[in-house]
file upload-v7.json (JSON, C-alpha atoms)
[["chain", "number", "residue", "atom", "x", "y", "z"],
["A", 1, "MET", "CA", -5.46, 15.30, -11.95],
["A", 2, "ILE", "CA", -5.12, 11.98, -10.11],
["A", 3, "ARG", "CA", -5.45, 9.22, -12.70],
["A", 4, "VAL", "CA", -7.17, 6.11, -11.34],
["A", 5, "ILE", "CA", -7.87, 2.60, -12.66],
["A", 6, "VAL", "CA", -10.59, 0.52, -11.01],
["A", 7, "VAL", "CA", -10.22, -3.28, -11.06],
["A", 8, "ASP", "CA", -13.07, -5.59, -10.02],
["A", 9, "ASP", "CA", -14.79, -8.56, -11.66],
["A", 10, "GLU", "CA", -18.21, -7.17, -10.72],
["A", 11, "PRO", "CA", -19.30, -4.44, -13.20],
["A", 12, "MET", "CA", -21.65, -2.89, -10.63],
["A", 13, "VAL", "CA", -18.75, -2.40, -8.19],
["A", 14, "CYS", "CA", -16.69, -0.72, -10.92],
["A", 15, "ALA", "CA", -19.62, 1.52, -11.86],
["A", 16, "HIS", "CA", -20.18, 2.47, -8.22],
["A", 17, "LEU", "CA", -16.51, 3.36, -7.70],
["A", 18, "ARG", "CA", -16.40, 5.34, -10.95],
["A", 19, "THR", "CA", -19.41, 7.37, -9.84],
["A", 20, "ILE", "CA", -17.93, 8.16, -6.44],
["A", 21, "LEU", "CA", -14.47, 9.07, -7.73],
["A", 22, "GLY", "CA", -15.89, 10.99, -10.69],
["A", 23, "SER", "CA", -17.57, 13.39, -8.27],
["A", 24, "ALA", "CA", -14.15, 14.76, -7.24],
["A", 25, "ASP", "CA", -12.73, 17.58, -9.35],
["A", 26, "ASP", "CA", -9.15, 16.32, -9.03],
["A", 27, "ILE", "CA", -9.72, 12.60, -9.80],
["A", 28, "GLU", "CA", -10.22, 10.97, -13.21],
["A", 29, "VAL", "CA", -11.00, 7.26, -13.69],
["A", 30, "VAL", "CA", -9.07, 6.54, -16.88],
["A", 31, "ALA", "CA", -9.90, 2.82, -17.22],
["A", 32, "GLN", "CA", -11.35, -0.24, -15.54],
["A", 33, "ALA", "CA", -10.44, -3.92, -15.67],
["A", 34, "GLN", "CA", -12.19, -7.14, -14.68],
["A", 35, "ASP", "CA", -9.23, -9.37, -13.82],
["A", 36, "GLY", "CA", -5.55, -9.19, -12.94],
["A", 37, "ALA", "CA", -4.27, -9.70, -16.49],
["A", 38, "GLU", "CA", -6.36, -6.78, -17.76],
["A", 39, "ALA", "CA", -5.20, -4.73, -14.79],
["A", 40, "VAL", "CA", -1.51, -5.16, -15.64],
["A", 41, "GLU", "CA", -2.16, -4.27, -19.30],
["A", 42, "ALA", "CA", -4.16, -1.19, -18.25],
["A", 43, "ALA", "CA", -1.39, -0.07, -15.90],
["A", 44, "VAL", "CA", 1.14, -0.20, -18.73],
["A", 45, "ARG", "CA", -1.17, 1.51, -21.22],
["A", 46, "HIS", "CA", -2.63, 4.29, -19.06],
["A", 47, "ARG", "CA", 0.14, 4.94, -16.49],
["A", 48, "PRO", "CA", -2.24, 5.74, -13.60],
["A", 49, "ASP", "CA", -1.31, 7.30, -10.29],
["A", 50, "VAL", "CA", -3.53, 4.96, -8.26],
["A", 51, "MET", "CA", -5.19, 1.59, -8.86],
["A", 52, "LEU", "CA", -8.04, 0.18, -6.75],
["A", 53, "MET", "CA", -7.61, -3.60, -6.97],
["A", 54, "ASP", "CA", -10.04, -6.31, -5.95],
["A", 55, "LEU", "CA", -8.10, -9.26, -4.51],
["A", 56, "ARG", "CA", -10.38, -12.18, -5.32],
["A", 57, "MET", "CA", -11.03, -12.43, -9.06],
["A", 58, "PRO", "CA", -11.22, -15.35, -11.51],
["A", 59, "GLY", "CA", -8.23, -15.99, -13.76],
["A", 60, "VAL", "CA", -5.29, -13.84, -12.69],
["A", 61, "ASP", "CA", -6.21, -12.66, -9.20],
["A", 62, "GLY", "CA", -5.45, -9.35, -7.54],
["A", 63, "LEU", "CA", -2.48, -10.68, -5.58],
["A", 64, "THR", "CA", -0.65, -11.75, -8.71],
["A", 65, "ALA", "CA", -1.50, -8.49, -10.46],
["A", 66, "ILE", "CA", -0.18, -6.41, -7.55],
["A", 67, "GLU", "CA", 3.13, -8.27, -7.59],
["A", 68, "ARG", "CA", 3.48, -7.74, -11.35],
["A", 69, "ILE", "CA", 2.52, -4.08, -11.23],
["A", 70, "ALA", "CA", 4.95, -3.39, -8.36],
["A", 71, "LYS", "CA", 7.79, -4.37, -10.71],
["A", 72, "LEU", "CA", 6.81, -1.87, -13.41],
["A", 73, "PRO", "CA", 8.89, 1.29, -13.93],
["A", 74, "GLN", "CA", 7.17, 4.15, -12.08],
["A", 75, "ALA", "CA", 4.61, 1.76, -10.66],
["A", 76, "PRO", "CA", 1.33, 3.31, -9.47],
["A", 77, "ALA", "CA", 0.13, 3.08, -5.90],
["A", 78, "VAL", "CA", -2.11, 0.01, -5.73],
["A", 79, "VAL", "CA", -4.77, -0.09, -3.02],
["A", 80, "ALA", "CA", -6.31, -3.50, -2.34],
["A", 81, "LEU", "CA", -10.10, -3.70, -2.19],
["A", 82, "THR", "CA", -11.45, -6.33, 0.16],
["A", 83, "THR", "CA", -14.61, -7.42, 1.94],
["A", 84, "PHE", "CA", -12.66, -8.60, 4.99],
["A", 85, "ASP", "CA", -10.13, -6.35, 6.74],
["A", 86, "ALA", "CA", -7.97, -8.95, 8.48],
["A", 87, "ASP", "CA", -7.01, -12.05, 6.55],
["A", 88, "ASP", "CA", -3.96, -13.54, 4.88],
["A", 89, "TYR", "CA", -5.06, -12.25, 1.48],
["A", 90, "VAL", "CA", -4.71, -8.67, 2.67],
["A", 91, "ILE", "CA", -1.32, -9.08, 4.26],
["A", 92, "ARG", "CA", -0.05, -10.97, 1.22],
["A", 93, "ALA", "CA", -1.19, -8.05, -0.93],
["A", 94, "LEU", "CA", 0.67, -5.59, 1.28],
["A", 95, "ARG", "CA", 3.82, -7.69, 1.19],
["A", 96, "GLY", "CA", 3.43, -7.96, -2.57],
["A", 97, "GLY", "CA", 3.57, -4.20, -3.06],
["A", 98, "ALA", "CA", 0.12, -2.77, -2.24],
["A", 99, "ALA", "CA", 0.18, 0.69, -0.68],
["A", 100, "GLY", "CA", -2.68, -0.22, 1.64],
["A", 101, "PHE", "CA", -6.19, -1.61, 1.63],
["A", 102, "LEU", "CA", -9.78, -0.46, 1.75],
["A", 103, "VAL", "CA", -12.86, -2.43, 2.72],
["A", 104, "LYS", "CA", -15.59, -2.15, 0.12],
["A", 105, "SER", "CA", -17.93, -0.63, 2.69],
["A", 106, "THR", "CA", -15.69, 2.46, 3.01],
["A", 107, "PRO", "CA", -17.88, 5.63, 2.99],
["A", 108, "PRO", "CA", -17.70, 7.56, -0.33],
["A", 109, "GLU", "CA", -16.18, 10.69, 1.23],
["A", 110, "ASP", "CA", -13.45, 8.61, 2.87],
["A", 111, "LEU", "CA", -12.70, 6.78, -0.39],
["A", 112, "ILE", "CA", -11.94, 10.03, -2.20],
["A", 113, "GLY", "CA", -9.66, 11.23, 0.58],
["A", 114, "LEU", "CA", -7.79, 7.93, 0.74],
["A", 115, "VAL", "CA", -7.20, 7.92, -3.03],
["A", 116, "ARG", "CA", -5.60, 11.35, -2.61],
["A", 117, "VAL", "CA", -3.43, 9.99, 0.22],
["A", 118, "ALA", "CA", -2.27, 7.09, -1.96],
["A", 119, "ALA", "CA", -1.50, 9.43, -4.86],
["A", 120, "ASP", "CA", 0.74, 11.47, -2.55],
["A", 121, "GLY", "CA", 2.82, 8.36, -1.86],
["A", 122, "HIS", "CA", 1.54, 7.69, 1.65],
["A", 123, "THR", "CA", 0.26, 4.49, 3.23],
["A", 124, "VAL", "CA", -3.47, 3.80, 3.09],
["A", 125, "LEU", "CA", -3.36, 1.79, 6.29],
["A", 126, "SER", "CA", -3.65, 2.82, 9.90],
["A", 127, "PRO", "CA", -0.95, 1.61, 12.32],
["A", 128, "GLU", "CA", -3.58, -0.22, 14.38],
["A", 129, "ALA", "CA", -4.90, -2.03, 11.30],
["A", 130, "ALA", "CA", -1.34, -2.97, 10.37],
["A", 131, "ARG", "CA", -0.68, -4.35, 13.87],
["A", 132, "ARG", "CA", -3.86, -6.41, 13.69],
["A", 133, "LEU", "CA", -2.90, -7.84, 10.31],
["A", 134, "VAL", "CA", 0.61, -8.73, 11.43],
["A", 135, "ALA", "CA", -0.71, -10.40, 14.57],
["A", 136, "ALA", "CA", -3.27, -12.37, 12.55],
["A", 137, "SER", "CA", -0.72, -13.58, 10.02],
["A", 138, "SER", "CA", -0.40, -17.36, 9.99],
["A", 139, "ASP", "CA", 3.41, -17.15, 9.86],
["A", 140, "SER", "CA", 3.94, -14.22, 12.25],
["A", 141, "SER", "CA", 6.75, -15.81, 14.29],
["A", 142, "LEU", "CA", 8.78, -16.75, 11.21],
["A", 143, "ARG", "CA", 8.20, -13.31, 9.75],
["A", 144, "ALA", "CA", 9.40, -11.68, 12.97],
["A", 145, "GLU", "CA", 12.75, -13.46, 12.85],
["A", 146, "ALA", "CA", 13.20, -12.70, 9.16],
["A", 147, "ALA", "CA", 12.33, -9.03, 9.71],
["A", 148, "LYS", "CA", 14.85, -8.71, 12.53],
["A", 149, "ARG", "CA", 17.58, -10.14, 10.31],
["A", 150, "ARG", "CA", 16.77, -7.67, 7.53],
["A", 151, "ALA", "CA", 16.64, -4.71, 9.92],
["A", 152, "ALA", "CA", 20.09, -5.64, 11.28],
["A", 153, "ALA", "CA", 21.59, -4.22, 8.07],
["A", 154, "LEU", "CA", 20.43, -0.70, 8.98],
["A", 155, "THR", "CA", 22.26, 2.01, 10.89],
["A", 156, "GLU", "CA", 20.92, 3.12, 14.27],
["A", 157, "ARG", "CA", 19.34, 6.25, 12.77],
["A", 158, "GLU", "CA", 17.78, 4.25, 9.93],
["A", 159, "VAL", "CA", 16.22, 1.91, 12.50],
["A", 160, "GLU", "CA", 14.68, 4.95, 14.23],
["A", 161, "VAL", "CA", 13.23, 6.17, 10.95],
["A", 162, "LEU", "CA", 11.95, 2.67, 10.14],
["A", 163, "GLY", "CA", 10.17, 2.50, 13.49],
["A", 164, "CYS", "CA", 8.50, 5.82, 12.72],
["A", 165, "LEU", "CA", 7.30, 4.47, 9.37],
["A", 166, "GLY", "CA", 5.77, 1.52, 11.17],
["A", 167, "GLY", "CA", 3.96, 3.98, 13.40],
["A", 168, "GLY", "CA", 2.34, 5.63, 10.39],
["A", 169, "LEU", "CA", 4.30, 8.89, 10.58],
["A", 170, "SER", "CA", 4.75, 11.12, 7.53],
["A", 171, "ASN", "CA", 8.16, 12.51, 6.54],
["A", 172, "ALA", "CA", 7.24, 15.80, 8.20],
["A", 173, "ASP", "CA", 6.25, 14.01, 11.43],
["A", 174, "ILE", "CA", 9.47, 11.98, 11.44],
["A", 175, "ALA", "CA", 11.53, 15.12, 10.84],
["A", 176, "GLY", "CA", 9.93, 16.82, 13.83],
["A", 177, "LYS", "CA", 10.29, 13.80, 16.09],
["A", 178, "LEU", "CA", 13.95, 13.11, 15.23],
["A", 179, "HIS", "CA", 14.97, 16.76, 14.74],
["A", 180, "LEU", "CA", 15.93, 16.28, 11.10],
["A", 181, "SER", "CA", 15.04, 18.11, 7.90],
["A", 182, "GLU", "CA", 12.36, 16.59, 5.67],
["A", 183, "ALA", "CA", 14.94, 16.25, 2.90],
["A", 184, "THR", "CA", 17.16, 14.20, 5.22],
["A", 185, "VAL", "CA", 14.25, 11.97, 6.22],
["A", 186, "LYS", "CA", 13.33, 11.45, 2.57],
["A", 187, "SER", "CA", 16.93, 10.41, 1.88],
["A", 188, "TYR", "CA", 16.89, 7.96, 4.80],
["A", 189, "VAL", "CA", 13.61, 6.43, 3.61],
["A", 190, "SER", "CA", 14.90, 6.01, 0.05],
["A", 191, "ARG", "CA", 18.08, 4.30, 1.24],
["A", 192, "MET", "CA", 16.15, 2.02, 3.59],
["A", 193, "LEU", "CA", 13.78, 0.86, 0.89],
["A", 194, "VAL", "CA", 16.79, -0.22, -1.17],
["A", 195, "LYS", "CA", 18.59, -1.88, 1.75],
["A", 196, "LEU", "CA", 15.47, -3.73, 2.86],
["A", 197, "ASP", "CA", 14.33, -4.56, -0.69],
["A", 198, "CYS", "CA", 10.94, -2.98, 0.03],
["A", 199, "ALA", "CA", 8.79, -1.68, -2.81],
["A", 200, "ASN", "CA", 7.25, 1.15, -0.77],
["A", 201, "ARG", "CA", 6.70, 2.69, 2.66],
["A", 202, "THR", "CA", 3.92, 0.24, 3.45],
["A", 203, "GLN", "CA", 6.19, -2.78, 3.09],
["A", 204, "ALA", "CA", 8.84, -1.06, 5.22],
["A", 205, "GLY", "CA", 6.26, -0.20, 7.87],
["A", 206, "LEU", "CA", 5.06, -3.81, 8.02],
["A", 207, "LEU", "CA", 8.64, -4.99, 8.40],
["A", 208, "ALA", "CA", 9.10, -2.55, 11.28],
["A", 209, "LEU", "CA", 6.01, -3.97, 13.00],
["A", 210, "GLU", "CA", 7.12, -7.55, 12.42],
["A", 211, "ALA", "CA", 10.58, -6.78, 13.81],
["A", 212, "GLY", "CA", 9.11, -5.17, 16.93],
["A", 213, "LEU", "CA", 10.59, -1.74, 16.18],
["A", 214, "VAL", "CA", 7.38, 0.23, 16.72],
["A", 215, "THR", "CA", 6.42, 1.49, 20.15],
["A", 216, "ARG", "CA", 2.84, 2.45, 20.97]]
call {"tool": "encode", "arguments": {"input": "upload-v7.json", "output": "structure tokens"}}
result
Amino acid sequence: MIRVIVVDDEPMVCAHLRTILGSADDIEVVAQAQDGAEAVEAAVRHRPDVMLMDLRMPGVDGLTAIERIAKLPQAPAVVALTTFDADDYVIRALRGGAAGFLVKSTPPEDLIGLVRVAADGHTVLSPEAARRLVAASSDSSLRAEAAKRRAAALTEREVEVLGCLGGGLSNADIAGKLHLSEATVKSYVSRMLVKLDCANRTQAGLLALEAGLVTR
């Protein structure tokens, strides 16, 4: 079972998400929270696989909660919930450790599939959406220079793998493209996350986009 926590300050939104996710045989909503502080406590108590996190909440907001949860041992995949799909709040959430984002108007059948994707450790973010977010970022030029400096610490092969992550490729896709085994790709990704101080594949993929390492 995929264990999920829903976080939103609007009870009707939480109830709606619980109903949708509860219709899937392999998903269980184990808790809900109404602000970021409750979300962090719930993450520690229930050890979910995935958290759906509203970004704008009173008190401790979703951004702060995501940053705190990302530092937990065996942190769950946190997917940001937002009304707008291209603003600084979203990109700050991704840089803070979110595995991706969903707009609240996402169709129910897509929501279930994307929760499964997040539980499998993959990015819930299309490459085109990521490019749009990076381009819309208010500090894109500064981020580009910083990303290039961080990427300079990688080997040539690691840079290739990083570029593939930025393009939204899975480990299997990267293995096929670079003629490597999936185990080797997994090892490269793990080492890169440490070298780049990235919490997950999403952060690494954003860095690749910011550094200009992704080709269309």
call {"tool": "closest_residue", "arguments": {"input": "upload-v7.json", "among": "A:Cys164, A:Val79, A:Asp25, A:Ile2", "to": "Gly176 in chain A", "atoms": "only C-alpha atoms"}}
result
A:Cys164
call {"tool": "closest_residue", "arguments": {"input": "upload-v7.json", "among": "A:Leu72, A:Val189, A:Ala118, A:Leu81", "to": "Thr106 in chain A", "atoms": "all atoms listed in the file"}}
result
A:Leu81
call {"tool": "closest_residue", "arguments": {"input": "upload-v7.json", "among": "A:Leu180, A:Met12, A:Asp173, A:Ala199", "to": "Ile66 in chain A", "atoms": "all atoms listed in the file"}}
result
A:Ala199
call {"tool": "closest_residue", "arguments": {"input": "upload-v7.json", "among": "A:Ala119, A:Leu114, A:Val103, A:Ala31", "to": "Met1 in chain A", "atoms": "all atoms listed in the file"}}
result
A:Ala119
call {"tool": "closest_residue", "arguments": {"input": "upload-v7.json", "among": "A:Ala204, A:Cys14, A:Val90, A:Ala98", "to": "Ala75 in chain A", "atoms": "only C-alpha atoms"}}
result
A:Ala98
call {"tool": "atom_distance", "arguments": {"input": "upload-v7.json", "atom1": "CA of Met51 in chain A", "atom2": "CA of Ile5 in chain A"}}
result
4.8 Å
call {"tool": "closest_residue", "arguments": {"input": "upload-v7.json", "among": "A:Ala80, A:Val115, A:Ala151, A:Val7", "to": "Arg95 in chain A", "atoms": "all atoms listed in the file"}}
result
A:Ala80
call {"tool": "atom_distance", "arguments": {"input": "upload-v7.json", "atom1": "CA of Val13 in chain A", "atom2": "CA of Glu109 in chain A"}}
result
16.3 Å
call {"tool": "decode", "arguments": {"input": "upload-v7.json", "residues": "range 197-210 of chain A", "atoms": "all heavy atoms", "output": "short mmCIF file (atom, residue, chain, number, x, y, z; two decimals), in the first residue's frame"}}
result
data_model
loop_
_atom_site.label_atom_id
_atom_site.label_comp_id
_atom_site.auth_asym_id
_atom_site.auth_seq_id
_atom_site.Cartn_x
_atom_site.Cartn_y
_atom_site.Cartn_z
N ASP A 197 24.60 18.13 -3.43
CA ASP A 197 23.81 18.46 -2.24
C ASP A 197 22.35 18.65 -2.63
O ASP A 197 21.70 19.62 -2.22
CB ASP A 197 24.36 19.71 -1.54
CG ASP A 197 23.75 19.93 -0.16
OD1 ASP A 197 23.34 18.93 0.45
OD2 ASP A 197 23.68 21.09 0.29
N CYS A 198 21.84 17.72 -3.41
CA CYS A 198 20.44 17.74 -3.83
C CYS A 198 19.66 16.68 -3.05
O CYS A 198 20.15 15.56 -2.87
CB CYS A 198 20.31 17.44 -5.33
SG CYS A 198 20.91 18.77 -6.41
N ALA A 199 18.47 17.03 -2.61
CA ALA A 199 17.67 16.11 -1.81
C ALA A 199 17.05 14.99 -2.65
O ALA A 199 16.81 13.90 -2.14
CB ALA A 199 16.55 16.87 -1.09
N ASN A 200 16.83 15.23 -3.94
CA ASN A 200 16.17 14.23 -4.77
C ASN A 200 16.43 14.51 -6.25
O ASN A 200 17.11 15.46 -6.61
CB ASN A 200 14.66 14.21 -4.49
CG ASN A 200 14.02 15.60 -4.61
OD1 ASN A 200 14.43 16.41 -5.45
ND2 ASN A 200 13.02 15.88 -3.78
N ARG A 201 15.86 13.66 -7.10
CA ARG A 201 16.04 13.77 -8.54
C ARG A 201 15.48 15.09 -9.08
O ARG A 201 15.99 15.63 -10.05
CB ARG A 201 15.36 12.60 -9.24
CG ARG A 201 15.93 11.24 -8.91
CD ARG A 201 15.03 10.14 -9.43
NE ARG A 201 15.01 10.09 -10.88
CZ ARG A 201 15.74 9.25 -11.61
NH1 ARG A 201 16.57 8.41 -11.00
NH2 ARG A 201 15.65 9.25 -12.91
N THR A 202 14.40 15.56 -8.48
CA THR A 202 13.78 16.79 -8.96
C THR A 202 14.73 17.97 -8.80
O THR A 202 14.89 18.78 -9.73
CB THR A 202 12.47 17.07 -8.19
OG1 THR A 202 11.61 15.94 -8.31
CG2 THR A 202 11.77 18.29 -8.75
N GLN A 203 15.35 18.08 -7.64
CA GLN A 203 16.31 19.17 -7.43
C GLN A 203 17.47 19.06 -8.42
O GLN A 203 17.92 20.07 -8.98
CB GLN A 203 16.85 19.14 -6.00
CG GLN A 203 15.89 19.67 -4.96
CD GLN A 203 16.53 19.84 -3.60
OE1 GLN A 203 17.65 19.41 -3.37
NE2 GLN A 203 15.81 20.46 -2.69
N ALA A 204 17.96 17.84 -8.64
CA ALA A 204 19.06 17.65 -9.59
C ALA A 204 18.63 18.02 -11.00
O ALA A 204 19.38 18.64 -11.76
CB ALA A 204 19.55 16.21 -9.54
N GLY A 205 17.40 17.65 -11.37
CA GLY A 205 16.90 17.99 -12.70
C GLY A 205 16.77 19.48 -12.89
O GLY A 205 17.09 20.01 -13.97
N LEU A 206 16.29 20.20 -11.87
CA LEU A 206 16.21 21.66 -11.95
C LEU A 206 17.59 22.27 -12.12
O LEU A 206 17.79 23.21 -12.90
CB LEU A 206 15.54 22.23 -10.71
CG LEU A 206 14.02 22.09 -10.60
CD1 LEU A 206 13.54 22.63 -9.26
CD2 LEU A 206 13.32 22.80 -11.74
N LEU A 207 18.56 21.74 -11.37
CA LEU A 207 19.92 22.27 -11.49
C LEU A 207 20.45 22.07 -12.91
O LEU A 207 21.11 22.95 -13.47
CB LEU A 207 20.83 21.57 -10.47
CG LEU A 207 22.24 22.15 -10.32
CD1 LEU A 207 22.72 22.03 -8.87
CD2 LEU A 207 23.23 21.44 -11.24
N ALA A 208 20.15 20.90 -13.49
CA ALA A 208 20.57 20.64 -14.86
C ALA A 208 19.97 21.66 -15.83
O ALA A 208 20.66 22.16 -16.74
CB ALA A 208 20.18 19.23 -15.28
N LEU A 209 18.70 21.99 -15.65
CA LEU A 209 18.05 22.97 -16.50
C LEU A 209 18.66 24.35 -16.30
O LEU A 209 18.91 25.08 -17.26
CB LEU A 209 16.55 23.01 -16.19
CG LEU A 209 15.74 21.81 -16.70
CD1 LEU A 209 14.40 21.74 -15.99
CD2 LEU A 209 15.53 21.90 -18.21
N GLU A 210 18.90 24.71 -15.04
CA GLU A 210 19.47 26.02 -14.75
C GLU A 210 20.88 26.16 -15.32
O GLU A 210 21.28 27.24 -15.77
CB GLU A 210 19.50 26.24 -13.24
CG GLU A 210 18.11 26.44 -12.64
CD GLU A 210 18.10 26.32 -11.12
OE1 GLU A 210 19.05 25.76 -10.54
OE2 GLU A 210 17.12 26.75 -10.50
#
